[in-house]
Amino acid sequence: MRLSHLNSLRALEATLRNGSFTAAASELGITSAAVGQRVRTLEGFVGKTLFKRSGAGIQPAEDALRVSTMLTGGFTTIASALERLKTDKTGTRISLTLPASFAENWFTPMISDFFQRHGEVELRLDASNRDVDLISEGFDFAIRYGRPVSEPLQETVLFGDYVLPACCPEFAEQYKLNAGTRSLKGVPLIHLLNRTGDPGWVGFEGWGERFGFDPAHFSQGMSYSRISSGLRTAITGQGLVLCGLTEAFNEISSGRLVIPFGPAMQVPTSYAYRLVWVRGMEKTQLQDDFIAWLMEKVSDFRNETDALLGM
C-alpha cells in the first residue's frame with residue numbers, strides 16, 4: 001500500500017482534534033503557518049476544501065469531519081506499532097518529555113531513587129517547553145502542565161499548583177515581611193516572565209489585589225525569563241519572588257526559602273501537571289514500574305504540600 005502526505009494528514013488530524021491551526025501547531029511543535037500550509041497542500045492533492053476560513057477562525061468541512069475519527073484511530077495504531085517495535089528492541093529504555101523548570105526543580109532531584117531501583121534503565125529526558133508530539137517523535141511519556149488532553153492521548157493527573165511569594169529568611173527579616181504586611185513599598189521584587197497560559201496564574205498585581213496589598217508598588221524590581229535564575233536570585237537575598245510552589249518546594253523544605261506572609265496567602269492555579277501517553281500503548285514492565293514510582297513520589301509530594309499549606 002502506497003501512503004503519501006503523512007505530514008499533511010497529521011496536521012489535518014491535529015487541527016480537527018484541537019479546533020485551530022494554532023493549537024495544532026503547539027502540539028506538533030511547528031508554526032501555525034506551517035500547519036496551514038500542510039493542510040492547503042492536502043486540499044490541493046484531494047481537490048477539495050477541508051476547512052472554511054473566515055476572520056472568526058476555521059470550521060471543518062463535512063468531508064473533513066467524516067474522516068476525523070479514522071485519522072485519529074490510524075495515527076494511534078501507528079504509534080502503537082512504533083511502540084511495539086521500539087519495545088522489542090529496547091526493553092530497558094524510557095523516554096520522557098517534560099517542562100524545563102519542572103525537570104530542574106522537581107523531577108531531577110529525585111530521579112536517582114528510580115535508578116537505585118532500576119540500575120539497568122536507559123532514561124531519555126527532553127526538558128523543553130514545547131508540547132512534543134508523542135506519536136511522531138517517539139516518546140513514551142510526557143509530563144505537561146495544562147488542561148486535560150484529548151484523543152489520541154491518555155493521562156493521569158499528578159497535582160495542581162499554587163502561586164505564592166518566597167524569599168530567603170534574611171530578606172524577610174530585613175524588610176519585616178510577615179502575615180500582617182500589606183505594602184511592598186521599597187521591597188525588591190523578582191518577576192518571572194513568560195510563565196504559562198494558565199488563566200489562574202497571577203503576577204504580583206493579581207496576587208496583591210487578592211490579599212489587599214497597596215497596588216502602588218508592584219512594578220519595581222527585576223525580571224527573569226528563566227525560573228531557576230529567579231529562584232537563585234531570591235535564595236541569595238536579592239528579592240521577593242512570586243513563583244509556583246512546585247518549583248520552590250525543595251528550597252522551602254530546605255529552609256533556603258521561606259513563605260514570609262504565611263501559607264494562607266497563596267493562589268491555586270487552574271491547570272495541573274499531568275502524565276500523558278498515547279492511548280492503547282503497550283507498556284513494558286519497566287514503564288509500568290516507572291508510572292508506579294512516579295505516582296508514589298506524587299503521593300508523597302501531595303502530603304507534604306498539604307502539610308505545608310495547612311490543608
# chains A, B, ... in the order shown; residues from 1 in each chain; ligands from 1
call {"tool": "residues_around", "arguments": {"residues": "Leu240 (chain A)", "least_positions_apart": "5", "cutoff": "8 Å", "atoms": "only C-alpha atoms", "output": "PyMOL selection string"}}
result
chain A and resi 165-167+171+187-190+234
call {"tool": "write_last_selection", "arguments": {"atoms": "N, CA and C atoms", "output": "PDB file, in the first residue's frame"}}
result
ATOM      1  N   PRO A 165       4.499  34.070  47.134  1.00  0.00           N
ATOM      2  CA  PRO A 165       5.789  34.742  47.199  1.00  0.00           C
ATOM      3  C   PRO A 165       6.741  34.005  48.137  1.00  0.00           C
ATOM      4  N   ALA A 166       8.026  34.038  47.787  1.00  0.00           N
ATOM      5  CA  ALA A 166       9.037  33.404  48.622  1.00  0.00           C
ATOM      6  C   ALA A 166      10.302  34.253  48.622  1.00  0.00           C
ATOM      7  N   CYS A 167      11.077  34.127  49.678  1.00  0.00           N
ATOM      8  CA  CYS A 167      12.352  34.835  49.787  1.00  0.00           C
ATOM      9  C   CYS A 167      13.216  34.089  50.788  1.00  0.00           C
ATOM     10  N   PHE A 171      16.171  37.993  54.053  1.00  0.00           N
ATOM     11  CA  PHE A 171      15.444  39.037  53.325  1.00  0.00           C
ATOM     12  C   PHE A 171      14.132  39.356  54.036  1.00  0.00           C
ATOM     13  N   VAL A 187      10.370  47.169  48.603  1.00  0.00           N
ATOM     14  CA  VAL A 187      10.792  45.763  48.602  1.00  0.00           C
ATOM     15  C   VAL A 187      11.178  45.361  47.176  1.00  0.00           C
ATOM     16  N   PRO A 188      12.413  44.934  46.924  1.00  0.00           N
ATOM     17  CA  PRO A 188      12.791  44.477  45.580  1.00  0.00           C
ATOM     18  C   PRO A 188      12.009  43.215  45.201  1.00  0.00           C
ATOM     19  N   LEU A 189      11.366  43.254  44.050  1.00  0.00           N
ATOM     20  CA  LEU A 189      10.556  42.127  43.589  1.00  0.00           C
ATOM     21  C   LEU A 189      11.251  41.409  42.441  1.00  0.00           C
ATOM     22  N   ILE A 190      11.025  40.125  42.347  1.00  0.00           N
ATOM     23  CA  ILE A 190      11.568  39.305  41.255  1.00  0.00           C
ATOM     24  C   ILE A 190      10.385  38.793  40.444  1.00  0.00           C
ATOM     25  N   ALA A 234      16.483  34.966  44.527  1.00  0.00           N
ATOM     26  CA  ALA A 234      15.778  35.058  45.813  1.00  0.00           C
ATOM     27  C   ALA A 234      16.573  34.369  46.913  1.00  0.00           C
TER      28      ALA A 234
END
call {"tool": "residues_around", "arguments": {"residues": "Thr69 (chain A)", "least_positions_apart": "5", "cutoff": "10 Å", "atoms": "only C-alpha atoms", "output": "list of chain:residue names"}}
result
A:Glu13, A:Leu16, A:Arg17, A:Ala64, A:Gly74, A:Glu151, A:Pro152
call {"tool": "residues_around", "arguments": {"residues": "Cys168 (chain A)", "least_positions_apart": "6", "cutoff": "12 Å", "atoms": "only C-alpha atoms", "output": "list in words"}}
result
Gln174, Tyr175, Leu177, Leu231, Arg232, Thr233, Ala234, Ile235, Thr236, Gly237, Gln238, Gly239, Leu240, Val241, Ala248, Glu251, Ile252, Ser253, Ser254, Gly255, Arg256, Leu257, Val258, Ile259 and Pro260 of chain A
call {"tool": "atom_distance", "arguments": {"atom1": "CA of Tyr271 (chain A)", "atom2": "CA of Gly146 (chain A)"}}
result
4.7 Å
call {"tool": "closest_residue", "arguments": {"among": "A:Asp113, A:Glu43, A:Leu28, A:Phe159", "to": "Asn303 (chain A)", "atoms": "only C-alpha atoms"}}
result
A:Phe159
call {"tool": "residues_around", "arguments": {"residues": "Arg302 (chain A)", "least_positions_apart": "6", "cutoff": "10 Å", "atoms": "only C-alpha atoms", "output": "number ranges by chain"}}
result
A: 158-160, 308
call {"tool": "write_last_selection", "arguments": {"atoms": "C-alpha atoms", "output": "PDB file, in the first residue's frame"}}
result
ATOM      1  CA  LEU A 158      -0.414  14.396  39.109  1.00  0.00           C
ATOM      2  CA  PHE A 159      -1.187  17.597  41.032  1.00  0.00           C
ATOM      3  CA  GLY A 160      -2.086  21.263  40.664  1.00  0.00           C
ATOM      4  CA  LEU A 308       2.973  22.944  54.420  1.00  0.00           C
TER       5      LEU A 308
END
call {"tool": "closest_residue", "arguments": {"among": "A:Tyr224, A:Asp133, A:Thr49, A:Asp289", "to": "Arg117 (chain A)", "atoms": "only C-alpha atoms"}}
result
A:Asp289
call {"tool": "select_by_dssp", "arguments": {"residues": "region 215-308 of chain A", "states": "helix (DSSP H, G or I)", "output": "MDAnalysis selection string"}}
result
chainID A and resid 215:217 227:235 245:254 285:308
call {"tool": "write_last_selection", "arguments": {"atoms": "N, CA and C atoms", "output": "short mmCIF file (atom, residue, chain, number, x, y, z; two decimals), in the first residue's frame"}}
result
data_model
loop_
_atom_site.label_atom_id
_atom_site.label_comp_id
_atom_site.auth_asym_id
_atom_site.auth_seq_id
_atom_site.Cartn_x
_atom_site.Cartn_y
_atom_site.Cartn_z
N PRO A 215 -1.64 48.70 45.90
CA PRO A 215 -1.32 48.41 44.49
C PRO A 215 -0.25 49.31 43.89
N ALA A 216 0.30 50.23 44.65
CA ALA A 216 1.23 51.22 44.08
C ALA A 216 2.65 50.70 43.93
N HIS A 217 2.94 49.49 44.42
CA HIS A 217 4.35 49.08 44.49
C HIS A 217 4.58 47.67 43.93
N ILE A 227 13.05 30.53 35.26
CA ILE A 227 12.57 30.39 36.63
C ILE A 227 13.71 30.11 37.59
N SER A 228 14.65 29.24 37.17
CA SER A 228 15.76 28.90 38.06
C SER A 228 16.60 30.12 38.41
N SER A 229 16.75 31.04 37.46
CA SER A 229 17.51 32.27 37.74
C SER A 229 16.80 33.11 38.79
N GLY A 230 15.48 33.22 38.66
CA GLY A 230 14.71 33.99 39.64
C GLY A 230 14.78 33.37 41.03
N LEU A 231 14.71 32.04 41.11
CA LEU A 231 14.80 31.38 42.40
C LEU A 231 16.17 31.57 43.03
N ARG A 232 17.23 31.44 42.22
CA ARG A 232 18.58 31.63 42.76
C ARG A 232 18.78 33.06 43.27
N THR A 233 18.20 34.02 42.55
CA THR A 233 18.31 35.41 42.99
C THR A 233 17.63 35.61 44.34
N ALA A 234 16.48 34.97 44.53
CA ALA A 234 15.78 35.06 45.81
C ALA A 234 16.57 34.37 46.91
N ILE A 235 17.17 33.22 46.61
CA ILE A 235 17.93 32.48 47.61
C ILE A 235 19.12 33.30 48.10
N LEU A 245 4.57 26.89 43.82
CA LEU A 245 5.04 26.10 44.96
C LEU A 245 5.82 24.88 44.49
N THR A 246 5.38 24.26 43.40
CA THR A 246 6.07 23.08 42.89
C THR A 246 7.53 23.38 42.60
N GLU A 247 7.79 24.53 41.98
CA GLU A 247 9.15 24.90 41.61
C GLU A 247 10.01 25.23 42.84
N ALA A 248 9.40 25.82 43.85
CA ALA A 248 10.16 26.31 45.01
C ALA A 248 10.15 25.34 46.18
N PHE A 249 9.42 24.24 46.07
CA PHE A 249 9.17 23.41 47.24
C PHE A 249 10.46 22.88 47.88
N ASN A 250 11.38 22.37 47.09
CA ASN A 250 12.61 21.82 47.67
C ASN A 250 13.41 22.89 48.40
N GLU A 251 13.42 24.10 47.86
CA GLU A 251 14.15 25.19 48.51
C GLU A 251 13.45 25.63 49.79
N ILE A 252 12.12 25.58 49.80
CA ILE A 252 11.37 25.92 51.02
C ILE A 252 11.58 24.84 52.08
N SER A 253 11.55 23.58 51.66
CA SER A 253 11.75 22.47 52.60
C SER A 253 13.14 22.52 53.22
N SER A 254 14.12 22.96 52.45
CA SER A 254 15.50 23.02 52.96
C SER A 254 15.73 24.23 53.85
N GLN A 285 7.17 -3.82 31.44
CA GLN A 285 7.16 -3.87 32.90
C GLN A 285 7.89 -2.68 33.48
N LEU A 286 8.99 -2.28 32.83
CA LEU A 286 9.75 -1.13 33.31
C LEU A 286 8.92 0.15 33.24
N GLN A 287 8.15 0.32 32.18
CA GLN A 287 7.30 1.50 32.05
C GLN A 287 6.20 1.51 33.11
N ASP A 288 5.63 0.35 33.37
CA ASP A 288 4.64 0.26 34.46
C ASP A 288 5.28 0.59 35.80
N ASP A 289 6.51 0.11 36.00
CA ASP A 289 7.23 0.41 37.25
C ASP A 289 7.51 1.91 37.36
N PHE A 290 7.81 2.54 36.23
CA PHE A 290 8.08 3.98 36.25
C PHE A 290 6.83 4.75 36.67
N ILE A 291 5.68 4.38 36.11
CA ILE A 291 4.43 5.05 36.48
C ILE A 291 4.15 4.86 37.97
N ALA A 292 4.33 3.63 38.46
CA ALA A 292 4.08 3.36 39.88
C ALA A 292 5.03 4.17 40.76
N TRP A 293 6.30 4.23 40.36
CA TRP A 293 7.28 5.02 41.12
C TRP A 293 6.90 6.50 41.12
N LEU A 294 6.53 7.02 39.95
CA LEU A 294 6.17 8.43 39.87
C LEU A 294 4.96 8.74 40.73
N MET A 295 3.94 7.89 40.69
CA MET A 295 2.75 8.14 41.49
C MET A 295 3.04 8.02 42.99
N GLU A 296 4.01 7.21 43.36
CA GLU A 296 4.45 7.15 44.76
C GLU A 296 5.05 8.49 45.18
N LYS A 297 5.90 9.06 44.31
CA LYS A 297 6.51 10.36 44.60
C LYS A 297 5.46 11.47 44.61
N VAL A 298 4.49 11.36 43.72
CA VAL A 298 3.40 12.34 43.67
C VAL A 298 2.59 12.31 44.96
N SER A 299 2.29 11.10 45.45
CA SER A 299 1.53 10.98 46.70
C SER A 299 2.29 11.61 47.86
N ASP A 300 3.60 11.34 47.94
CA ASP A 300 4.41 11.95 48.99
C ASP A 300 4.38 13.48 48.89
N PHE A 301 4.51 13.97 47.66
CA PHE A 301 4.54 15.43 47.45
C PHE A 301 3.21 16.06 47.83
N ARG A 302 2.12 15.44 47.46
CA ARG A 302 0.80 15.97 47.84
C ARG A 302 0.67 16.07 49.35
N ASN A 303 1.10 15.02 50.05
CA ASN A 303 1.01 15.03 51.52
C ASN A 303 1.88 16.13 52.11
N GLU A 304 3.06 16.32 51.54
CA GLU A 304 3.97 17.34 52.06
C GLU A 304 3.46 18.76 51.80
N THR A 305 2.89 18.98 50.61
CA THR A 305 2.38 20.32 50.31
C THR A 305 1.12 20.60 51.13
N ASP A 306 0.29 19.58 51.34
CA ASP A 306 -0.89 19.79 52.18
C ASP A 306 -0.48 20.17 53.60
N ALA A 307 0.57 19.51 54.10
CA ALA A 307 1.04 19.82 55.44
C ALA A 307 1.62 21.23 55.50
N LEU A 308 2.36 21.61 54.46
CA LEU A 308 2.97 22.94 54.42
C LEU A 308 1.90 24.04 54.39
#
call {"tool": "residues_around", "arguments": {"residues": "Ser128 (chain A)", "least_positions_apart": "6", "cutoff": "7 Å", "atoms": "only C-alpha atoms", "output": "list in words"}}
result
Leu98, Pro99 and Ala100 of chain A
call {"tool": "residues_around", "arguments": {"residues": "Leu125 (chain A)", "least_positions_apart": "6", "cutoff": "7 Å", "atoms": "only C-alpha atoms", "output": "list in words"}}
result
Ser95, Leu96 and Thr97 of chain A
call {"tool": "write_last_selection", "arguments": {"atoms": "C-alpha atoms", "output": "PDB file, in the first residue's frame"}}
result
ATOM      1  CA  SER A  95      11.774   8.343  27.113  1.00  0.00           C
ATOM      2  CA  LEU A  96      10.085  11.294  28.809  1.00  0.00           C
ATOM      3  CA  THR A  97       9.499  14.906  27.812  1.00  0.00           C
TER       4      THR A  97
END
call {"tool": "closest_residue", "arguments": {"among": "A:Phe21, A:Phe218, A:Phe261, A:Tyr145", "to": "Arg274 (chain A)", "atoms": "only C-alpha atoms"}}
result
A:Tyr145
call {"tool": "residues_around", "arguments": {"residues": "Leu309 (chain A)", "least_positions_apart": "6", "cutoff": "9 Å", "atoms": "only C-alpha atoms", "output": "PyMOL selection string"}}
result
chain A and resi 262-264+266
call {"tool": "write_last_selection", "arguments": {"atoms": "N, CA and C atoms", "output": "PDB file, in the first residue's frame"}}
result
ATOM      1  N   GLY A 262       3.037  33.745  55.120  1.00  0.00           N
ATOM      2  CA  GLY A 262       2.282  32.612  55.620  1.00  0.00           C
ATOM      3  C   GLY A 262       1.632  31.818  54.511  1.00  0.00           C
ATOM      4  N   PRO A 263       1.281  30.560  54.754  1.00  0.00           N
ATOM      5  CA  PRO A 263       0.751  29.668  53.720  1.00  0.00           C
ATOM      6  C   PRO A 263      -0.638  30.038  53.227  1.00  0.00           C
ATOM      7  N   ALA A 264      -1.363  30.880  53.967  1.00  0.00           N
ATOM      8  CA  ALA A 264      -2.717  31.231  53.534  1.00  0.00           C
ATOM      9  C   ALA A 264      -2.716  32.162  52.329  1.00  0.00           C
ATOM     10  N   GLN A 266      -1.766  32.202  49.269  1.00  0.00           N
ATOM     11  CA  GLN A 266      -1.439  31.509  48.027  1.00  0.00           C
ATOM     12  C   GLN A 266      -2.659  31.488  47.126  1.00  0.00           C
TER      13      GLN A 266
END
call {"tool": "select_by_dssp", "arguments": {"residues": "region 78-232 of chain A", "states": "strand (DSSP E)", "output": "PyMOL selection string"}}
result
chain A and resi 93-98+122-127+141-146+153-166+189-192+222-224
call {"tool": "decode", "arguments": {"residues": "region 99-116 of chain A", "atoms": "C-alpha atoms", "output": "compact mmCIF listing (two decimals), in the first residue's frame"}}
result
# COMPACT_ATOMS: atom_id res chain seq x y z
CA PRO A 99 8.82 21.25 31.12
CA ALA A 100 12.32 22.57 31.77
CA SER A 101 11.54 24.20 35.14
CA PHE A 102 9.66 21.11 36.35
CA ALA A 103 12.57 18.89 35.34
CA GLU A 104 15.13 21.06 37.11
CA ASN A 105 13.25 21.89 40.28
CA TRP A 106 11.01 18.87 40.95
CA PHE A 107 11.80 15.79 38.87
CA THR A 108 15.61 15.65 38.63
CA PRO A 109 16.37 15.85 42.38
CA MET A 110 14.51 12.56 42.97
CA ILE A 111 15.35 10.55 39.84
CA SER A 112 18.35 8.89 41.50
CA ASP A 113 15.85 6.91 43.58
CA PHE A 114 14.44 5.33 40.41
CA PHE A 115 17.95 4.45 39.21
CA GLN A 116 18.63 2.74 42.53
